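Reviewing the structure listed below.
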Protein chains: 2
Amino acid sequence: MKSLSDQTRFKIVGMLLTRDFCVGGLARTLDISEAAVSQHLKLLKDVGLVNGEKHGYFMHYQVERSVLEGLANALLGMTEVDRTLYGECQPRAREACRLCNSNE
Amino acid sequence: MKSLSDQTRFKIVGMLLTRDFCVGGLARTLDISEAAVSQHLKLLKDVGLVNGEKHGYFMHYQVERSVLEGLANALLGMTEVDRTLYGECQPRAREACRLCNSNE
DNA sequence: AATCTGTTTAAGCTATTACTTAATCAGATT
DNA sequence: AATCTGATTAAGTAATAGCTTAAACAGATT
């Protein structure tokens, strides 16, 4: 989730979903250094979101869609958590507030 | 997306999905100050992910599930983008590399 | 209306993170 | 094998973001 939090990284994933890009191509489009792109790609590779392969002189990266889908579905799953309404917080009784102090 | 990138914020959303919490309850569970929680909640409110209402002395927050679902579906939608494979990068011809220099 | 409680805002500090340049690496081309 | 080229790594810097304490706020209780 943190891997997609950065604007630039999000753009990179978006770009790589449409087609392959080499590092230089990403760097020029995003107007940052190739080193910066490489560092973002390293992070994305580490979480398995993208992988790359050599094509002659160039390294071409692409998105591992299943991983991205996994992330999306994890989020979607969260929304289905059941909601249990406990009792109310008791005014002036911080210690007695079951709702807020419960440890589960 | 950035709103869920922080570990603590992610936990807060997770907790609020199970039931209501007041600020103090979140703070004690997460072991950070109430001010810190309040700041996270402000951010989450700003993107519409949570909203809160006064209950006596306490402010109870809850997750706006539709917004969370929207985020998840946006991610899921991304994965369905069509992939167009352009030509290869041309070795030693940075300017000629259609794939990486194309602007679309 | 005065007071008390939970929450929020402000200010400042610290840690993290994204970027740059420079140096190094890997491997394709000659 | 020497020499290119694109990619990566390293080191340092600047910006961002999360936390804390202290002060201000809102509104429920007395």
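In the structure tokens, the first chain shown is A, the next is B, and so on; residue numbers restart at 1 for each chain, and ligands run from 1 in the order shown.
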Q: Quick one: pick out all strand (DSSP E or B) residues within range 4-86 of chain B from a backbone DSSP run and write them as a VMD selection string.
A: chain B and resid 21 to 22 50 to 55 58 to 63
(Q) Just want the 10 Å neighbourhood of DT8 in chain D, counted on only C-alpha atoms (C1' of nucleotides), with same-chain residues fewer than 3 positions away dropped. Output as an NGL selection string. (A) (:A and (34-35 or 38-39 or 42)) or (:C and (24-26))
Export C-alpha atoms (C1' of nucleotides) of the chosen residues as a PDB file, in the first residue's frame?
ATOM      1  CA  GLU A  34      17.117   8.006 -14.168  1.00  0.00           C
ATOM      2  CA  ALA A  35      18.573   7.294 -10.759  1.00  0.00           C
ATOM      3  CA  SER A  38      15.615   3.300 -10.720  1.00  0.00           C
ATOM      4  CA  GLN A  39      15.160   3.731  -6.988  1.00  0.00           C
ATOM      5  CA  LYS A  42      13.659  -1.085  -6.941  1.00  0.00           C
TER       6      LYS A  42
ATOM      7  C1'  DT C  24      30.146   1.955 -10.430  1.00  0.00           C
ATOM      8  C1'  DC C  25      28.136  -1.979 -12.744  1.00  0.00           C
ATOM      9  C1'  DA C  26      26.485  -5.170 -16.454  1.00  0.00           C
TER      10       DA C  26
END
Which chain C residues are at most 9 Å from chain B (counting only C-alpha atoms (C1' of nucleotides)), as an mmCIF file with N, CA and C atoms (P, O5', C5', C4', C3', O3' and C1' of nucleotides), in the first residue's frame?
data_model
loop_
_atom_site.group_PDB
_atom_site.id
_atom_site.type_symbol
_atom_site.label_atom_id
_atom_site.label_comp_id
_atom_site.auth_asym_id
_atom_site.auth_seq_id
_atom_site.Cartn_x
_atom_site.Cartn_y
_atom_site.Cartn_z
ATOM 1 P P DT C 5 -12.707 16.752 34.784
ATOM 2 O "O5'" DT C 5 -13.122 16.321 33.312
ATOM 3 C "C5'" DT C 5 -14.448 15.889 33.035
ATOM 4 C "C4'" DT C 5 -14.546 15.615 31.547
ATOM 5 C "C3'" DT C 5 -13.293 14.953 30.977
ATOM 6 O "O3'" DT C 5 -13.650 13.855 30.172
ATOM 7 C "C1'" DT C 5 -13.798 16.945 29.780
ATOM 8 P P DG C 6 -12.550 12.867 29.598
ATOM 9 O "O5'" DG C 6 -12.670 13.176 28.041
ATOM 10 C "C5'" DG C 6 -13.910 12.917 27.386
ATOM 11 C "C4'" DG C 6 -13.885 13.555 26.016
ATOM 12 C "C3'" DG C 6 -12.779 13.027 25.103
ATOM 13 O "O3'" DG C 6 -13.341 12.804 23.824
ATOM 14 C "C1'" DG C 6 -12.601 15.385 25.317
ATOM 15 P P DT C 7 -12.483 12.338 22.575
ATOM 16 O "O5'" DT C 7 -12.151 13.739 21.894
ATOM 17 C "C5'" DT C 7 -13.223 14.504 21.363
ATOM 18 C "C4'" DT C 7 -12.683 15.759 20.708
ATOM 19 C "C3'" DT C 7 -11.657 15.508 19.605
ATOM 20 O "O3'" DT C 7 -12.183 16.061 18.406
ATOM 21 C "C1'" DT C 7 -10.938 17.227 21.081
ATOM 22 P P DT C 8 -11.416 15.928 17.031
ATOM 23 O "O5'" DT C 8 -10.675 17.337 16.930
ATOM 24 C "C5'" DT C 8 -11.440 18.520 17.019
ATOM 25 C "C4'" DT C 8 -10.516 19.720 17.106
ATOM 26 C "C3'" DT C 8 -9.498 19.816 15.973
ATOM 27 O "O3'" DT C 8 -9.720 21.048 15.321
ATOM 28 C "C1'" DT C 8 -8.485 20.206 18.074
ATOM 29 P P DT C 9 -8.959 21.427 13.994
ATOM 30 O "O5'" DT C 9 -7.828 22.444 14.514
ATOM 31 C "C5'" DT C 9 -8.208 23.485 15.392
ATOM 32 C "C4'" DT C 9 -6.982 24.257 15.842
ATOM 33 C "C3'" DT C 9 -5.909 24.483 14.767
ATOM 34 O "O3'" DT C 9 -5.548 25.848 14.845
ATOM 35 C "C1'" DT C 9 -4.935 23.526 16.677
ATOM 36 P P DA C 28 23.601 -8.894 -22.974
ATOM 37 O "O5'" DA C 28 23.461 -8.043 -24.331
ATOM 38 C "C5'" DA C 28 23.023 -6.712 -24.210
ATOM 39 C "C4'" DA C 28 23.542 -5.832 -25.326
ATOM 40 C "C3'" DA C 28 23.782 -6.482 -26.691
ATOM 41 O "O3'" DA C 28 23.384 -5.524 -27.673
ATOM 42 C "C1'" DA C 28 25.817 -5.563 -25.895
#
Q: For chain D, list the residues within 10 Å of chain A, counting only C-alpha atoms (C1' of nucleotides), and write the list as a count of residues only.
A: 7
Q.
Neighbouring residues of DT17 in chain C were defined as those with any atom within 12 Å, considering only C-alpha atoms (C1' of nucleotides); residues of the same chain fewer than 2 positions away were excluded. Please report them as JSON, numbers by chain.
A. {"A": [2, 5, 6, 36, 39, 40], "C": [15, 19], "D": [13, 14, 15, 16, 17]}
Q) Between CA of Val81 in chain A and CA of Gln62 in chain B, what is the distance, to one decimal in Å? A)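 Answer for the CA of Val81 in chain A to CA of Gln62 in chain B separation: 12.8 Å.
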Q: Choose the residue, out of A:Asn73, A:Thr8, A:Ser33, A:Asn51, that has the smallest atom-to-atom separation from chain B; count only C-alpha atoms.
A: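 Residue with the minimum atom-to-atom distance to chain B: A:Asn73.
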Q: Identify, with DSSP run on backbone atoms, the residues in range 1-51 of chain A assigned to helix (DSSP H, G or I), and express the list as a PyMOL selection string.
A: chain A and resi 2-4+7-18+23-30+34-46
Those same residues - N, CA, C and O atoms - I'd like them written as a tab-separated table (two decimals), in the first residue's frame.
chain	number	residue	atom	x	y	z
A	2	LYS	N	1.90	1.21	0.83
A	2	LYS	CA	2.82	2.33	0.90
A	2	LYS	C	3.52	2.52	-0.44
A	2	LYS	O	3.90	3.64	-0.81
A	3	SER	N	3.66	1.42	-1.17
A	3	SER	CA	4.37	1.49	-2.46
A	3	SER	C	3.64	2.36	-3.47
A	3	SER	O	4.25	2.92	-4.37
A	4	LEU	N	2.34	2.49	-3.30
A	4	LEU	CA	1.57	3.30	-4.25
A	4	LEU	C	1.27	4.69	-3.71
A	4	LEU	O	0.60	5.48	-4.35
A	7	GLN	N	3.25	9.83	-5.36
A	7	GLN	CA	2.68	10.30	-6.61
A	7	GLN	C	3.45	9.78	-7.82
A	7	GLN	O	2.90	9.22	-8.76
A	8	THR	N	4.76	9.96	-7.76
A	8	THR	CA	5.62	9.54	-8.87
A	8	THR	C	5.53	8.04	-9.10
A	8	THR	O	5.42	7.56	-10.22
A	9	ARG	N	5.55	7.29	-8.00
A	9	ARG	CA	5.50	5.84	-8.12
A	9	ARG	C	4.16	5.40	-8.68
A	9	ARG	O	4.10	4.49	-9.50
A	10	PHE	N	3.13	6.07	-8.28
A	10	PHE	CA	1.80	5.76	-8.79
A	10	PHE	C	1.75	5.99	-10.30
A	10	PHE	O	1.22	5.17	-11.04
A	11	LYS	N	2.36	7.08	-10.73
A	11	LYS	CA	2.41	7.37	-12.16
A	11	LYS	C	3.18	6.30	-12.92
A	11	LYS	O	2.78	5.88	-14.01
A	12	ILE	N	4.29	5.88	-12.33
A	12	ILE	CA	5.11	4.85	-12.98
A	12	ILE	C	4.28	3.59	-13.21
A	12	ILE	O	4.27	3.03	-14.31
A	13	VAL	N	3.57	3.17	-12.18
A	13	VAL	CA	2.74	1.97	-12.32
A	13	VAL	C	1.68	2.19	-13.40
A	13	VAL	O	1.44	1.32	-14.25
A	14	GLY	N	1.07	3.37	-13.38
A	14	GLY	CA	0.06	3.69	-14.39
A	14	GLY	C	0.63	3.61	-15.79
A	14	GLY	O	0.00	3.04	-16.70
A	15	MET	N	1.83	4.15	-15.96
A	15	MET	CA	2.47	4.12	-17.28
A	15	MET	C	2.78	2.70	-17.71
A	15	MET	O	2.54	2.31	-18.86
A	16	LEU	N	3.32	1.93	-16.78
A	16	LEU	CA	3.74	0.57	-17.12
A	16	LEU	C	2.55	-0.35	-17.38
A	16	LEU	O	2.70	-1.42	-17.97
A	17	LEU	N	1.37	0.07	-16.94
A	17	LEU	CA	0.19	-0.74	-17.22
A	17	LEU	C	-0.20	-0.63	-18.69
A	17	LEU	O	-0.78	-1.56	-19.26
A	18	THR	N	0.11	0.51	-19.30
A	18	THR	CA	-0.29	0.69	-20.70
A	18	THR	C	0.70	0.01	-21.65
A	18	THR	O	0.32	-0.47	-22.69
A	23	VAL	N	13.93	2.58	-18.30
A	23	VAL	CA	14.16	3.55	-17.25
A	23	VAL	C	14.28	4.97	-17.81
A	23	VAL	O	13.67	5.91	-17.29
A	24	GLY	N	15.04	5.10	-18.88
A	24	GLY	CA	15.23	6.42	-19.49
A	24	GLY	C	13.92	7.02	-19.96
A	24	GLY	O	13.68	8.22	-19.78
A	25	GLY	N	13.07	6.20	-20.53
A	25	GLY	CA	11.78	6.67	-21.03
A	25	GLY	C	10.90	7.19	-19.89
A	25	GLY	O	10.30	8.26	-19.99
A	26	LEU	N	10.88	6.45	-18.81
A	26	LEU	CA	10.14	6.89	-17.63
A	26	LEU	C	10.70	8.19	-17.10
A	26	LEU	O	9.98	9.14	-16.80
A	27	ALA	N	12.03	8.24	-17.01
A	27	ALA	CA	12.69	9.42	-16.45
A	27	ALA	C	12.37	10.67	-17.27
A	27	ALA	O	12.06	11.72	-16.72
A	28	ARG	N	12.43	10.53	-18.59
A	28	ARG	CA	12.17	11.70	-19.43
A	28	ARG	C	10.72	12.14	-19.33
A	28	ARG	O	10.42	13.33	-19.25
A	29	THR	N	9.81	11.18	-19.32
A	29	THR	CA	8.39	11.53	-19.23
A	29	THR	C	8.06	12.19	-17.90
A	29	THR	O	7.31	13.15	-17.83
A	30	LEU	N	8.64	11.66	-16.83
A	30	LEU	CA	8.34	12.17	-15.50
A	30	LEU	C	9.19	13.37	-15.13
A	30	LEU	O	8.97	14.01	-14.10
A	34	GLU	N	17.25	9.46	-14.01
A	34	GLU	CA	17.12	8.01	-14.17
A	34	GLU	C	17.38	7.31	-12.84
A	34	GLU	O	16.77	6.28	-12.54
A	35	ALA	N	18.27	7.88	-12.06
A	35	ALA	CA	18.57	7.29	-10.76
A	35	ALA	C	17.33	7.26	-9.88
A	35	ALA	O	17.04	6.25	-9.23
A	36	ALA	N	16.59	8.36	-9.90
A	36	ALA	CA	15.37	8.42	-9.09
A	36	ALA	C	14.39	7.35	-9.53
A	36	ALA	O	13.80	6.64	-8.71
A	37	VAL	N	14.22	7.22	-10.84
A	37	VAL	CA	13.31	6.21	-11.37
A	37	VAL	C	13.77	4.82	-10.94
A	37	VAL	O	12.97	4.00	-10.49
A	38	SER	N	15.06	4.60	-11.07
A	38	SER	CA	15.62	3.30	-10.72
A	38	SER	C	15.32	2.96	-9.26
A	38	SER	O	15.00	1.81	-8.93
A	39	GLN	N	15.42	3.96	-8.41
A	39	GLN	CA	15.16	3.73	-6.99
A	39	GLN	C	13.69	3.40	-6.75
A	39	GLN	O	13.36	2.50	-5.96
A	40	HIS	N	12.80	4.09	-7.44
A	40	HIS	CA	11.38	3.77	-7.32
A	40	HIS	C	11.11	2.35	-7.81
A	40	HIS	O	10.37	1.59	-7.19
A	41	LEU	N	11.74	2.01	-8.92
A	41	LEU	CA	11.52	0.68	-9.50
A	41	LEU	C	12.03	-0.41	-8.57
A	41	LEU	O	11.42	-1.47	-8.45
A	42	LYS	N	13.13	-0.11	-7.91
A	42	LYS	CA	13.66	-1.08	-6.94
A	42	LYS	C	12.63	-1.38	-5.86
A	42	LYS	O	12.34	-2.53	-5.54
A	43	LEU	N	12.06	-0.29	-5.33
A	43	LEU	CA	11.04	-0.45	-4.29
A	43	LEU	C	9.84	-1.25	-4.82
A	43	LEU	O	9.33	-2.15	-4.15
A	44	LEU	N	9.42	-0.91	-6.03
A	44	LEU	CA	8.25	-1.59	-6.61
A	44	LEU	C	8.56	-3.06	-6.88
A	44	LEU	O	7.70	-3.93	-6.73
A	45	LYS	N	9.80	-3.32	-7.29
A	45	LYS	CA	10.21	-4.70	-7.52
A	45	LYS	C	10.20	-5.47	-6.20
A	45	LYS	O	9.76	-6.62	-6.13
A	46	ASP	N	10.70	-4.81	-5.14
A	46	ASP	CA	10.80	-5.47	-3.83
A	46	ASP	C	9.45	-5.94	-3.31
A	46	ASP	O	9.36	-6.94	-2.62
Q. Mind pulling up the distance from CA of Ser66 in chain A to CA of Asp82 in chain A?
A.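 About the pair CA of Asp82 in chain A and CA of Ser66 in chain A: they are 26.5 Å apart.
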Q. Hey, can you check how far CA of Gly77 in chain A sits from CA of Leu49 in chain B?
A.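 The value is 15.7 Å.
Between chain A and the candidates B:Ala72, B:Glu80, B:Val47, B:Glu64, the tightest atom-to-atom separation, counting only C-alpha atoms, involves B:Ala72.
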